[in-house]
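Worksheet for the structure shown next.
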4 protein chains.
Amino acid sequence: MDISGNWFLETVCPDLATMLQVRQVLYSGKTAYQKVEVLESDLFGRSLILDGKTQSTEKDEHIYHEGLVHPAMLRHPDPHSVFIGGGGEGATLREVLAHKSVTNVSMVDLDGEVVELCRKFLPQHHQGSFDDPRVKLLHEDARGYLQNCEETFDVMVMDLVDPLEAGTAYLLYTEEFYQIVKSKLNPGGIIVTQSGAVGLLNYQECFTTIFNTLSSIFKHTASAQAHVPAFQTLWSFTLASDSPLTFPDEAGIDGVLKERVAKELKYYDGESHRSMFALPKFLRQGIQEEKRINRDDSPVFML
Amino acid sequence: MDISGNWFLETVCPDLATMLQVRQVLYSGKTAYQKVEVLESDLFGRSLILDGKTQSTEKDEHIYHEGLVHPAMLRHPDPHSVFIGGGGEGATLREVLAHKSVTNVSMVDLDGEVVELCRKFLPQHHQGSFDDPRVKLLHEDARGYLQNCEETFDVMVMDLVDPLEAGTAYLLYTEEFYQIVKSKLNPGGIIVTQSGAVGLLNYQECFTTIFNTLSSIFKHTASAQAHVPAFQTLWSFTLASDSPLTFPDEAGIDGVLKERVAKELKYYDGESHRSMFALPKFLRQGIQEEKRINRDDSPVFML
Amino acid sequence: MDISGNWFLETVCPDLATMLQVRQVLYSGKTAYQKVEVLESDLFGRSLILDGKTQSTEKDEHIYHEGLVHPAMLRHPDPHSVFIGGGGEGATLREVLAHKSVTNVSMVDLDGEVVELCRKFLPQHHQGSFDDPRVKLLHEDARGYLQNCEETFDVMVMDLVDPLEAGTAYLLYTEEFYQIVKSKLNPGGIIVTQSGAVGLLNYQECFTTIFNTLSSIFKHTASAQAHVPAFQTLWSFTLASDSPLTFPDEAGIDGVLKERVAKELKYYDGESHRSMFALPKFLRQGIQEEKRINRDDSPVFML
Amino acid sequence: MDISGNWFLETVCPDLATMLQVRQVLYSGKTAYQKVEVLESDLFGRSLILDGKTQSTEKDEHIYHEGLVHPAMLRHPDPHSVFIGGGGEGATLREVLAHKSVTNVSMVDLDGEVVELCRKFLPQHHQGSFDDPRVKLLHEDARGYLQNCEETFDVMVMDLVDPLEAGTAYLLYTEEFYQIVKSKLNPGGIIVTQSGAVGLLNYQECFTTIFNTLSSIFKHTASAQAHVPAFQTLWSFTLASDSPLTFPDEAGIDGVLKERVAKELKYYDGESHRSMFALPKFLRQGIQEEKRINRDDSPVFML
């Protein structure tokens with residue numbers, strides 16, 4: 001591989017980074033909240049980068065977005081009302097809307113400029129979802145919105161940037177926030193949040209504290225992981241509910257998807273579910289040993 | 001993360017590379033067969049690099065080596081004699097020897113200089129395994145050895161470098177080679193081979209052709225995958241046998257390991273097995289669509 | 001300096017490369033002849049990249065273009081007709097046109113698409129020079145053009161890509177080509193050519209063979225060098241003529257420039273001339289030891 | 001050029017870095033004062049790196065060290081006693097000792113551990129100079145030493161790390177320090193200091209303030225620059241004296257060197273002198289516009 005050319009470098013953790021050969025920088029700028037780049041590479045198609053971190057790429061975003069959305073939707077017996085926190089690309093919205101039972105979605109993404117850029121530059125991500133009449137799209141702080149709204153939800157999907165110290169989202173991963181979430185869930189309701197990278201043995205405390213924080217508030221918690229090529233690591237999702245988080249067997253999952261979802265999924269099915277919901281031993285140990293709870297005044301930040 | 005410093009860059013696929021901050025280059029040289037480097041990093045400890053490709057690192061080699069060795073060993077009812085092709089670090093050997101039933105291991109690694117370097121620089125990898133009296137260590141071509149030897153084996157573990165066009169190993173991934181392997185397996189015997197990186201959607205043909213080639217020769221074939229942090233991708237292992245490759249349930253796996261293995265494993269157990277042996281949908285589709293068979297005169301090379 | 005972000009990597013020589021943080025990739029594509037990129041960086045402004053090699057950048061192109069053009073123009077007693085080979089950015093043209101004595105310029109750049117891209121994306125380079133009525137712009141092979149044209153010239157400026165083996169220009173650095181050049185020079189005429197990077201002690205043979213080849217055909221040859229920041233190395237220019245290549249002293253150079261050039265130069269003046277035309281010892285030694293002559297069938301390529 | 005391998009990355013300025021393929025990391029550690037690495041590359045041989053900055057390399061250190069030492073030595077009519085501040089590699093010492101007139105050298109380098117590492121790993125740099133009986137080697141703060149010592153000197157050579165904010169040397173570039181230096185110079189004495197990188201148009205204030213600070217204290221100041229391949233930029237040296245800093249012509253310089261220096265120099269001679277002491281226009285302008293003076297309480301730091 002020739003070294004000459006345009007590369008996007010991204011920190012994975014202290015001492016580790018990735019290099020992606022890039023064809024075009026379609027957009028590079030700053031919104032009121034963050035640095036935004038839209039890149040195009042031969043390998044991953046169009047990527048959204050926020051504050052230097054790849055959020056998703058055209059070619060593999062289905063792994064992340066299907067893995068985030070469908071287990072929670074499928075576990076709920078009949079999800080009608082859905083909340084999405086973040087999710088600027090519109091791909092989480094797209095997966096939620098694929099569920100035929102869904103009648104209304106409130107999506108609250110702080111950064112309207114990012115959403116506008118995604119509408120313009122990432123059509124393969126949103127596929128027109130923002131125009132679905134079931135959608136209410138708002139640009140404000142998700143936590144403030146939830147505190148004040150009258151709505152309640154069957155499923156709440158937190159598709160957020162990582163809890164970075166310098167970032168906008170860490171107050172959406174705390175005990176105080178999850179208390180608000182709990183108060184907005186209908187009976188049987190489920191929350192799922194992205195819970196960070198877990199592929200490196202020594203860098204999992206962001207995940208384990210999110211898990212532990214949710215466990216302190218909800219009766220049931222379950223985590224899953226999937227390898228996302230563009231992240232070059234495992235990514236985690238954590239579900240929580242006061243109802244049991246048991247799932248059908250593989251054939252059962254395939255059956256429910258066929259019945260409820262109005263398209264063929266590209267990543268998620270019964271066998272992928274089995275792989276996702278079996279955590280590597282070191283993550284199970286990490287969860288067991290974790291005692292910390294994210295609080296507004298003492299969160300665990302992603303490095 | 002500061003850019004200044006010593007970095008090891010490694011190609012993952014065309015357009016993608018990784019960067020690892022390195023503290024020391026403990027060894028850098030060439031053997032008769034390949035370029036060898038032993039690096040030390042804060043993140044991964046000591047790494048063995050052959051021809052620019054990370055083979056394994058001190059901090060996470062257990063994922064690769066346990067994932068390669070134990071499923072095949074565990075599936076066999078009572079493995080006594082084991083063949084290892086490659087495996088220079090001595091860590092595959094270490095895992096094989098942990099099985100109390102094992103009475104003799106023939107390990108054939110072409111490159112005696114690499115093995116010597118591993119003995120010297122990677123003590124945490126081999127942990128003295130080369131000195132175990134059950135071990136016969138040879139430095140010659142594994143294929144030639146198998147063609148001429150009188151031995152037969154219960155389990156054969158192919159811990160090889162990838163089938164690179166310029167490399168030494170691609171003739172150990174072909175139909176002709178697997179015919180030799182089959183002739184050296186005892187009844188009920190199992191072969192397992194590392195079968196390359198599978199984390200990138202568009203780069204899996206090396207895996208699918210190895211799978212398909214083994215499937216054309218053995219009655220049963222099964223593949224597994226695990227995320228290996230130092231590779232920053234999913235890695236695959238493929239088992240083949242004329243006996244069924246069914247496994248106990250999770251508790252059953254944990255039970256057999258406890259009974260047969262003389263140490264606590266760090267990665268592999270029933271739940272990890274479940275995750276490993278559930279392939280992502282795109283790999284299952286890749287296998288289904290693959291029609292090619294690796295032959296000595298027309299192999300599929302790793303890029 | 002943070003590692004995350006968009007970087008343009010460029011090979012300087014085997015084992016050495018540069019990394020430039022890039023804000024935008026304004027253009028990336030291929031013409032009939034070469035790969036073209038127009039980048040924008042905070043440090044260097046807009047850059048033209050051909051086949052992965054930086055040709056010039058907005059912020060420092062004056063060093064290269066003034067250093068290439070003015071010594072030859074100034075040495076000629078009264079340059080009217082000028083030939084430019086290559087020079088797609090239009091900046092060499094701009095410097096030539098600044099000489100009030102110039103009445104006609106024939107610029108022959110093989111790649112019309114590159115010139116169009118420069119007109120569009122690099123206005124600070126050409127500054128409208130292509131529209132000057134003294135200019136005749138052609139897109140064909142400079143060597144073929146010279147062989148067939150009726151024109152003769154006072155000064156000929158070869159502003160070419162390096163003589164790369166896979167490139168389009170190596171036949172514009174050979175004995176056969178310089179014979180054609182010589183036949184097109186008016187009495188007292190001068191040719192100047194860019195003659196490659198000379199900043200690395202072990203990589204100067206491209207320069208020394210160009211020098212030696214010109215010396216075998218013209219009575220007088222003189223080389224100069226200047227550090228070009230965006231190249232992160234010294235760049236060389238070589239003049240040749242059958243008239244002596246002696247220059248006025250520093251004050252004399254400043255006087256001639258003031259008289260003849262219709263603008264203030266940013267880099268070149270008497271003192272810069274003194275620095276440019278004093279070669280480091282290793283280059284002088286390299287020239288002395290060089291015996292090779294570039295011929296069409298045995299050129300020395302830039303690595 | 002293949003991207004895989006070991007690379008040393010070094011920041012040149014914000015937005016620009018260099019990459020050098022490295023064969024071995026011979027040493028990597030920390031002293032009481034700084035991070036130290038000794039690297040070996042095919043291109044530059046052995047390099048000394050302090051706090052991530054290349055200090056000098058085996059293959060091209062002669063450019064820097066000859067360029068630093070000889071102009072000042074040569075300008076002095078008969079240098080006997082010399083002071084060296086810094087200079088851990090021993091190469092500045094080597095060049096000073098080559099002057100037959102020199103009878104005693106006091107070299108004060110703060111970091112004795114670095115000097116020990118250089119003695120061990122950089123024999124081609126010092127070439128045994130530390131063992132010359134004319135040398136007195138001390139490891140303490142050069143400023144403190146000069147304040148308290150009884151000695152005076154004909155030539156004082158400041159071969160220091162850059163004035164980094166986090167570094168050890170910025171108090172050796174200030175007005176207060178140069179007052180001490182002045183008090184230690186014999187009549188006709190000269191100081192020369194390295195004065196930083198000057199190859200980037202926008203990053204020269206470190207150089208211009210050093211120049212301006214010296215100019216405020218000494219009657220005569222002169223700067224020179226040379227391209228140092230391993231730095232991939234121009235490097236500057238600044239001389240100051242109360243005696244005029246005029247030099248012989250080129251033949252005169254070559255004559256004095258032949259007479260006084262006990263070896264053939266590899267870089268510096270009359271013609272190189274001419275190139276070095278002609279500054280590019282932007283540096284002359286930078287000097288003219290600079291009004292700041294480095295003071296202990298308000299120094300200009302190197303970025």
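Letters for chains follow the order of the structure tokens (A, B, ...), residue numbers begin at 1 for each chain, and ligand numbers begin at 1 in the order shown.
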Among stretch 66-248 of chain A, which ones does DSSP assign to strand (DSSP E) (computed from the backbone)? Answer as a VMD selection string. chain A and resid 81 to 86 104 to 108 135 to 138 153 to 159 185 to 197 220 to 228 233 to 241
If you run DSSP on the backbone, which residues of stretch 147-256 of chain A are helix (DSSP H, G or I), as a VMD selection string? chain A and resid 147 to 148 170 to 172 175 to 184 205 to 215 229 to 231 250 to 256
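Between C:Val38 and the residues A:Asn6, A:Val12, A:Leu245, A:Met19, the shortest atom-to-atom distance, using only C-alpha atoms, involves A:Asn6.
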Distance cut-off 9 Å, counting only C-alpha atoms - which residues of chain D neighbour chain A? Return them as a ChimeraX atom specification. /D:1-4
List the spatial neighbours of A:Thr233 as number ranges by chain - criterion: any atom at most 10 Å away, only C-alpha atoms, same-chain residues fewer than 6 positions off excluded. A: 12, 197-200, 225-227; B: 199, 227-234
Mind dumping the selected residues with N, CA and C atoms as a compact mmCIF listing (two decimals), in the first residue's frame?
```txt
# COMPACT_ATOMS: atom_id res chain seq x y z
N VAL A 12 -7.84 5.76 18.46
CA VAL A 12 -8.69 4.74 19.04
C VAL A 12 -8.58 4.78 20.55
N ALA A 197 -16.97 1.88 22.77
CA ALA A 197 -16.07 0.85 22.24
C ALA A 197 -15.67 -0.09 23.37
N VAL A 198 -15.59 -1.38 23.06
CA VAL A 198 -15.20 -2.35 24.08
C VAL A 198 -14.17 -3.34 23.54
N GLY A 199 -13.52 -3.02 22.45
CA GLY A 199 -12.62 -3.99 21.84
C GLY A 199 -11.24 -4.05 22.47
N LEU A 200 -10.88 -3.06 23.27
CA LEU A 200 -9.55 -3.05 23.85
C LEU A 200 -9.61 -3.46 25.31
N GLN A 225 -22.55 -6.71 21.84
CA GLN A 225 -21.41 -6.10 21.16
C GLN A 225 -21.37 -6.57 19.72
N ALA A 226 -20.83 -5.73 18.87
CA ALA A 226 -20.66 -6.11 17.47
C ALA A 226 -19.41 -5.43 16.95
N HIS A 227 -18.70 -6.13 16.08
CA HIS A 227 -17.54 -5.52 15.43
C HIS A 227 -18.02 -4.60 14.32
N GLY B 199 -13.10 -9.04 9.28
CA GLY B 199 -13.85 -7.91 9.81
C GLY B 199 -14.29 -6.89 8.78
N HIS B 227 -12.96 -11.04 17.82
CA HIS B 227 -12.27 -9.75 17.67
C HIS B 227 -10.95 -9.83 18.41
N VAL B 228 -9.86 -9.57 17.70
CA VAL B 228 -8.53 -9.56 18.31
C VAL B 228 -8.06 -8.11 18.34
N PRO B 229 -7.94 -7.52 19.52
CA PRO B 229 -7.64 -6.08 19.61
C PRO B 229 -6.43 -5.65 18.78
N ALA B 230 -5.35 -6.40 18.87
CA ALA B 230 -4.13 -5.96 18.19
C ALA B 230 -4.28 -6.03 16.68
N PHE B 231 -5.19 -6.86 16.19
CA PHE B 231 -5.44 -6.90 14.76
C PHE B 231 -6.47 -5.83 14.36
N GLN B 232 -7.17 -5.31 15.33
CA GLN B 232 -8.23 -4.31 15.12
C GLN B 232 -9.28 -4.82 14.13
N THR B 233 -9.49 -6.11 14.12
CA THR B 233 -10.50 -6.68 13.22
C THR B 233 -10.95 -8.01 13.78
N LEU B 234 -11.95 -8.62 13.14
CA LEU B 234 -12.36 -9.98 13.48
C LEU B 234 -11.39 -10.96 12.85
```
Close residues, A:Thr103 itself excluded, 7 Å, only C-alpha atoms, min 5 positions apart in chain, as a PyMOL selection string: chain A and resi 80-81+134
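Of the listed residues D:Ser183, D:Pro77, D:Glu113, D:Leu201, the one whose atoms come nearest to D:Asn148 is D:Ser183, with distances taken using only C-alpha atoms.
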Excluding B:Ala91 and its own-chain neighbours fewer than 6 positions away, which residues fall within 7 Å of it when counting only C-alpha atoms? Please give them as a PyMOL selection string. chain B and resi 65+125-126
Return the single residue from D:Ala32, D:Cys13, D:Ala240, D:Val108 that is closest to D:Asn202, with distances computed using only C-alpha atoms. D:Cys13
Which polymer residues have any atom within 12 Å of an atom of D:Glu259, counting only C-alpha atoms, with same-chain residues fewer than 4 positions away left out, as a PyMOL selection string? chain D and resi 74+78+98-101+252-255+263-264
Can you tell me which residues surround C:Gly5 at a distance of at most 10 Å, considering only C-alpha atoms, apart from same-chain residues fewer than 5 positions away, and format the answer as a tab-separated table (two decimals) with N, CA and C atoms, in the first residue's frame?
```
chain	number	residue	atom	x	y	z
A	7	TRP	N	-5.19	10.81	3.97
A	7	TRP	CA	-5.56	9.85	5.01
A	7	TRP	C	-6.33	10.56	6.11
A	8	PHE	N	-7.34	9.87	6.61
A	8	PHE	CA	-7.99	10.32	7.84
A	8	PHE	C	-7.44	9.49	8.99
A	9	LEU	N	-6.81	10.18	9.94
A	9	LEU	CA	-6.27	9.50	11.11
A	9	LEU	C	-7.22	9.69	12.28
A	10	GLU	N	-7.42	8.63	13.03
A	10	GLU	CA	-8.36	8.71	14.16
A	10	GLU	C	-7.80	7.95	15.35
A	11	THR	N	-7.79	8.63	16.47
A	11	THR	CA	-7.34	8.01	17.71
A	11	THR	C	-8.34	6.96	18.16
A	19	MET	N	-5.85	4.63	10.20
A	19	MET	CA	-5.61	5.47	9.03
A	19	MET	C	-6.51	4.99	7.89
A	37	GLU	N	-17.11	16.79	9.97
A	37	GLU	CA	-16.53	16.48	8.66
A	37	GLU	C	-17.35	15.39	8.00
A	49	ILE	N	-18.00	12.47	10.65
A	49	ILE	CA	-17.00	12.59	11.71
A	49	ILE	C	-17.40	13.75	12.62
A	51	ASP	N	-16.14	15.90	15.94
A	51	ASP	CA	-14.99	16.12	16.83
A	51	ASP	C	-13.90	15.06	16.62
A	52	GLY	N	-13.65	14.73	15.35
A	52	GLY	CA	-12.56	13.81	15.04
A	52	GLY	C	-12.87	12.34	15.21
A	53	LYS	N	-14.11	12.01	15.59
A	53	LYS	CA	-14.49	10.61	15.83
A	53	LYS	C	-15.50	10.17	14.76
C	21	GLN	N	-1.50	18.47	7.51
C	21	GLN	CA	-2.91	18.47	7.90
C	21	GLN	C	-3.70	19.27	6.87
C	22	VAL	N	-4.75	18.65	6.38
C	22	VAL	CA	-5.50	19.19	5.25
C	22	VAL	C	-6.92	19.52	5.69
C	23	ARG	N	-7.39	20.66	5.24
C	23	ARG	CA	-8.74	21.08	5.60
C	23	ARG	C	-9.76	20.52	4.60
D	15	ASP	N	0.30	21.36	12.14
D	15	ASP	CA	-0.16	20.96	10.80
D	15	ASP	C	0.89	20.27	9.94
```
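Considering only C-alpha atoms, the residue among A:Phe130, A:Tyr267, A:Phe207, A:Phe83 positioned nearest to A:Ile190 is A:Phe83.
In terms of minimum interatomic distance to B:Asp162, B:Gly86 ranks closest within B:Gly45, B:Gly286, B:Gly86, B:Gly112, counting only C-alpha atoms.
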